[in-house]
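Below you'll find the structure, written out as structure tokens, and then a few comments.
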Amino acid sequence: MRHLRRPVTLTWLGMIAEQAMRAFWPLWTVLLLAVAPLAMGWHELLSTEVFWAAAAAVAGLAGFAALIWGVRRLHLPTRSQAIARVDAVMPGRPIAAIADTQAIGAHDPQSQQVWDAHIARMAARTKEARAVEPDLTLTDRDPFGLRFIALLCFVVALLFGSILRVATVADVAQGGGPNLVAGPVWEGWLDPPAYTGKPVIYLNDIPAGELSVPEGSVVTLRLYGEVGALTVSETVSGRATDAANTTEPQQEFEVTQTGQLSVLGDNGITWDITAVADTPPEVELTGPIESDAMGELSQPFMALDDYGVASGTATIALDLPAVDRIYGLQIDPDPIAPVVLDLPMPFTGDRTDFEEFLIENLSEHSLANLPVTMQLEVVDDAGLVTTAPAEPMILPGRRFFRPFAKAVIEQRRDLMWSKENVVRVDQVLRALSNRPEDLSIEEAPYLRLRTIIRQLDRMAEFGMNDEGQAEIVEALWELAVQLEDGRLADARKRLERAQERLAEAMRNGASDEEIAELMQELREATDDYMRMLAEEMEPSDGTDQADNSENTMQLSMDELQALMDRIEELMQEGRMAEAQELMERLNEMMENMRVTQGEGGDGPQMPGQQSMQDLAETLRDQEDLSDDAFRDLQEQFNPGQQGQQGQQPQQGQSGQDGEQPGQQSGQQGQDGQEPGENGQGGQENSTGQGSQGDDAGENGQGGSLAERQQALRNELQRQRQGLPNLNGEAGDIARRSLERAEGAMEGAEEALRDGDLAEAIDRQAEAMDALRNGMRELEQALAENGSGEPGQGTQQGEAGGRPVPGARDPLGRNVGNSGLSGTDQELLGGEDINRRAEELLDEIRRRSGDQERPEIERDYLRRLLDQF
């Protein structure tokens with residue numbers, strides 16, 4: 001069989017290399033250990049007797065023993081062994097099968113035909129033969145890693161020595177060692193500064209001519225032989241030299257300028273050295289300063305240097321001429337020390353050119369919300385300093401929305417501005433607290449305000465020192481925060497405490513009575529928190545937006561109650577893992593409501609904002625439809641499986657016809673599904689999703705899905721026609737992406753009508769990818785054209801009871817207000833992210849390897865694995 005010659009030959013050669021490696025690894029280990037000291041020049045420092053003793057020990061004993069050991073253990077493989085190794089990796093050992101003879105039935109024609117068919121099949125299989133890679137690992141034979149130690153010594157010798165020194169072994173062996181040392185020879189090294197990261201240069205290997213080195217490099221020269229036979233002449237150090245200095249056996253100096261370096265005498269040499277000066281670093285701000293509602297600032301900057309920036313600082317100082325000198329700022333301020341912040345440096349990687357963000361929260365500093373200048377300064381390892389021009393800006397601070405809290409913060413600012421404002425601050429706070437019934441504040445913050453006023457009275461009479469000022473400033477900050485958060489913060493704490501107690505009960509196991517008591521506590525805390533949240537969201541301008549907010553909050557409350565009912569039911573059934581998952585979703589919903597609360601109205605929406613919201617809704621509907629199509633595909637090939645695998649409610653999902661989660665839970669007995677299993681509950685029930693034994697492509701389900709797909713395509717077409725006119729490349733890409741999404745939807749619709757669910761799911765995936773890309777480019781185009789801010793948040797709920805912050809993509813990620821996947825929020829939070837991702841991948845792998853599943857479903861699952 002000629003086709004076996006190449007794989008067998010290659011396998012045979014690999015087996016020879018394998019045997020040679022296993023037999024002679026001690027020999028090349030000894031050789032590397034012997035060459036390493038020779039390259040470092042150790043033999044030049046030894047006497048002839050010591051040299052011969054070392055050579056006999058290494059070459060005569062260790063080397064000879066390793067050679068004999070290798071020869072005795074070397075067993076050259078035969079071609080039959082190579083054939084057997086190739087045959088062993090193929091199923092059924094076809095090469096051996098061809099060489100077999102029929103033991104029985106050789107005279108039976110029918111038996112002979114079966115044997116001939118078997119031989120023909122095995123012969124065809126031999127054409128798939130491939131060469132077998134040799135096993136060159138030596139871990140079992142060298143458990144202590146001696147070969148790696150020898151290799152490390154050899155590499156170090158190459159870096160810090162010279163392989164040319166091995167040639168001098170003959171001179172030492174002939175007894176010329178002392179004469180060599182006494183002869184007029186020299187050695188030299190040039191060591192660049194450590195911060196450059198450049199290696200040491202062995203001058204004996206550098207030919208005469210031009211040589212560029214970093215400024216500050218250290219030159220070390222050693223002169224051997226009679227004193228005066230060799231001299232050194234140099235103009236690179238700038239030092240004063242005399243005859244004694246030039247003939248010293250060992251010399252060391254630093255390269256500070258461009259000049260010449262010469263070794264004069266026998267075999268002399270001269271270099272024209274160019275001292276390359278270190279360039280100073282550069283730093284600059286790359287964008288405007290940004291901040292969030294809590295006052296955390298983010299300032300982007302860029303820094304670069306030829307060898308790397310060592311450190312940097314940002315100095316924030318008061319810009320007094322830019323301050324609006326009104327009210328408490330009219331008088332001259334007390335000395336305010338500049339704020340010096342360390343610039344963040346990359347932990348890993350290159351520092352020669354990088355961009356970073358300076359992130360800090362200076363809300364409580366006296367410079368918060370005042371005009372300041374920010375000046376960046378960076379230093380490199382050479383000690384060169386660069387200071388960027390000061391940039392004027394307003395230092396961000398925490399934003400307070402309640403008028404009373406804003407007034408307290410203003411008086412706190414005036415008091416930090418100057419101690420002389422103590423009388424004025426005292427008078428203003430007294431005026432604010434004159435009629436407490438008109439302030440609508442709680443008793444606790446009012447009593448704290450009265451305490452602060454009494455302290456200010458004493459300080460206004462006897463004077464204010466630094467300690468008293470710091471105490472009042474801290475008290476005013478705490479009062480403003482309490483006034484801003486109000487009762488909502490206390491309600492939030494009660495809610496968190498109830499959630500923690502319930503989570504502890506899930507972990508430790510609790511009786512039905514304890515579960516009922518803890519769930520009642522959670523419901524009461526949630527009711528209080530939602531009621532206060534609704535009060536906080538009511539606008540104060542007298543418009544009718546409060547009714548809309550109240551309706552939105554009512555929808556969210558219904559969903560929360562349904563989730564809590566389901567949590568209690570799962571706990572009573574002992575399904576703690578599922579209950580814990582729903583509890584995490586409940587915490588996320590409450591966190592989303594807390595973050596959105598207090599941002600105030602955004603006014604009328606811009607056309608670009610409305611387009612982004614409409615596209616986000618279309619994307620979520622397409623994701624729901626794709627999920628339903630996949631469930632129909634599973635039900636088509638595994639009847640009854642969906643009814644046995646109840647899924648958990650998805651956050652923010654409700655029936656498409658307006659059913660609340662509580663209504664869906666009442667259908668469990670009819671459909672065999674858990675509440676909130678599908679985001680299209682109403683339509684799925686009407687199409688018979690819970691029934692078994694029906695073909696999804698023929699019983700009307702495919703038609704229902706196709707109609708929903710057609711409705712989505714028509715809606716996307718309407719949204720495309722209503723897009724605002726946006727100039728630039730991003731706008732063109734957004735239009736083309738949405739057009740491609742519409743085409744993919746049309747293909748999915750045709751596949752659904754034909755009953756080809758697998759093809760429909762592929763087209764739906766293309767549509768969702770195109771939609772996400774189009775929304776991303778549309779958001780970029782809106783930012784470039786200044787058409788609103790599509791990334792801003794909306795209200796907590798929308799018509800249909802679907803909260804925007806809770807919407808998720810098929811992987812469980814929050815899609816955000818723009819509908820884009822892959823936000824910076826964690827999938828499950830904390831340490832469970834990797835575990836959950838691994839569980840999902842393991843389940844997909846298990847199903848794709850299940851031979852009892854239909855081939856079309858396993859093909860789809862394999863494509864999923866290729867994507868992730």
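Ordering of the structure tokens sets the chain letters (A, B, ...), residue numbers begin anew at 1 in every chain, and ligands are numbered from 1 in the order given.
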Could you please write out, as a PyMOL selection string, every residue of range 106-353 of chain A that DSSP assigns to helix (DSSP H, G or I)? chain A and resi 109-126+146-160+163-173+177-182+194-196+203-205+243-246+320-322+327-329
Mind giving me the straight-line distance from CA of Phe357 in chain A to CA of Leu384 in chain A in Å, one decimal? 22.7 Å
Running DSSP on the backbone, which parts of range 72-285 of chain A land in strand (DSSP E or B), as an MDAnalysis selection string? chainID A and resid 185:191 201:202 209:214 218:224 231:234 250:254 259:264 269:276 282:285
Dump of C-alpha atoms for the selected residues, as a short mmCIF file (atom, residue, chain, number, x, y, z; two decimals), in the first residue's frame:
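The resulting selection.cif:
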data_model
loop_
_atom_site.label_atom_id
_atom_site.label_comp_id
_atom_site.auth_asym_id
_atom_site.auth_seq_id
_atom_site.Cartn_x
_atom_site.Cartn_y
_atom_site.Cartn_z
CA VAL A 185 44.29 42.35 26.66
CA TRP A 186 41.20 44.23 27.78
CA GLU A 187 37.51 43.70 28.46
CA GLY A 188 34.72 46.24 28.56
CA TRP A 189 31.04 46.53 29.32
CA LEU A 190 28.54 49.32 28.72
CA ASP A 191 25.55 49.23 31.10
CA ILE A 201 26.69 45.65 25.89
CA TYR A 202 29.91 43.58 25.82
CA GLY A 209 32.82 52.88 14.59
CA GLU A 210 29.70 54.74 15.63
CA LEU A 211 27.81 53.62 18.72
CA SER A 212 24.64 55.23 20.13
CA VAL A 213 23.95 54.68 23.82
CA PRO A 214 21.49 56.24 26.30
CA VAL A 218 28.10 53.30 32.76
CA VAL A 219 31.28 52.11 31.01
CA THR A 220 33.47 49.52 32.80
CA LEU A 221 36.92 48.63 31.39
CA ARG A 222 39.44 46.08 32.66
CA LEU A 223 43.05 46.12 31.41
CA TYR A 224 45.16 42.95 31.74
CA THR A 231 45.66 53.04 28.01
CA VAL A 232 42.16 54.44 27.86
CA SER A 233 41.29 57.69 26.12
CA GLU A 234 37.76 59.08 26.37
CA GLN A 250 39.98 48.88 36.13
CA GLN A 251 38.12 52.00 35.13
CA GLU A 252 34.48 53.01 35.41
CA PHE A 253 32.81 56.22 34.27
CA GLU A 254 29.44 57.51 33.08
CA GLY A 259 32.54 61.92 22.28
CA GLN A 260 35.13 59.22 21.62
CA LEU A 261 36.16 56.15 23.61
CA SER A 262 39.48 54.47 22.73
CA VAL A 263 41.58 51.62 24.08
CA LEU A 264 45.15 52.36 22.92
CA ILE A 269 39.95 50.09 19.20
CA THR A 270 38.04 53.39 19.00
CA TRP A 271 34.29 54.12 19.11
CA ASP A 272 32.48 57.35 18.22
CA ILE A 273 29.84 57.34 20.96
CA THR A 274 26.63 59.35 20.62
CA ALA A 275 24.93 60.04 23.96
CA VAL A 276 21.15 59.93 23.36
CA GLU A 282 4.26 64.47 27.88
CA VAL A 283 0.79 64.64 29.41
CA GLU A 284 -2.49 66.25 28.43
CA LEU A 285 -6.23 66.06 29.06
#
Go through A:Gly731, A:Pro403, A:Gly287, A:Gly755 one by one, measure the shortest atom-to-atom distance of each to Glu777 in chain A using only C-alpha atoms, and give the residue with the smallest value. A:Gly731
Distance CA of Asp769 in chain A-CA of Ser737 in chain A, one decimal place? 8.9 Å
Near Val35 in chain A, counting only C-alpha atoms, which residues have an atom at most 8 Å away, once you skip same-chain residues fewer than 3 positions from it, shown as a ChimeraX atom specification? /A:31-32,38-39,154,166
Deliver the residues from the most recent selection as a file, using N, CA and C atoms, as a PDB file, in the first residue's frame.
ATOM      1  N   LEU A  31      26.698  18.657  28.648  1.00  0.00           N
ATOM      2  CA  LEU A  31      27.399  19.532  27.704  1.00  0.00           C
ATOM      3  C   LEU A  31      27.013  21.000  27.922  1.00  0.00           C
ATOM      4  N   LEU A  32      25.723  21.278  28.140  1.00  0.00           N
ATOM      5  CA  LEU A  32      25.295  22.653  28.386  1.00  0.00           C
ATOM      6  C   LEU A  32      25.895  23.190  29.680  1.00  0.00           C
ATOM      7  N   LEU A  38      32.436  28.110  30.460  1.00  0.00           N
ATOM      8  CA  LEU A  38      33.445  28.502  29.481  1.00  0.00           C
ATOM      9  C   LEU A  38      33.061  29.804  28.796  1.00  0.00           C
ATOM     10  N   ALA A  39      31.764  29.977  28.451  1.00  0.00           N
ATOM     11  CA  ALA A  39      31.316  31.212  27.820  1.00  0.00           C
ATOM     12  C   ALA A  39      31.420  32.396  28.772  1.00  0.00           C
ATOM     13  N   PHE A 154      23.004  27.981  30.384  1.00  0.00           N
ATOM     14  CA  PHE A 154      23.544  28.250  29.056  1.00  0.00           C
ATOM     15  C   PHE A 154      23.004  29.577  28.504  1.00  0.00           C
ATOM     16  N   VAL A 166      34.898  30.400  24.371  1.00  0.00           N
ATOM     17  CA  VAL A 166      35.146  28.959  24.381  1.00  0.00           C
ATOM     18  C   VAL A 166      36.409  28.642  23.589  1.00  0.00           C
TER      19      VAL A 166
END
Got a sec: who's within 12 Å of Gln81 in chain A, counting only C-alpha atoms, leaving out chain neighbours fewer than 2 positions off, as a list in words?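 Residues meeting the cut-off are Val8, Thr9, Thr11, Trp12, Leu13, Gly14, Met15, Ile16, His75, Leu76, Pro77, Thr78, Arg79, Ile83, Ala84, Arg85, Val86, Asp87, Ala88 and Val132 of chain A.
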One decimal, in Å: what's the spacing between CA of Trp417 in chain A and CA of Asp334 in chain A? 6.2 Å
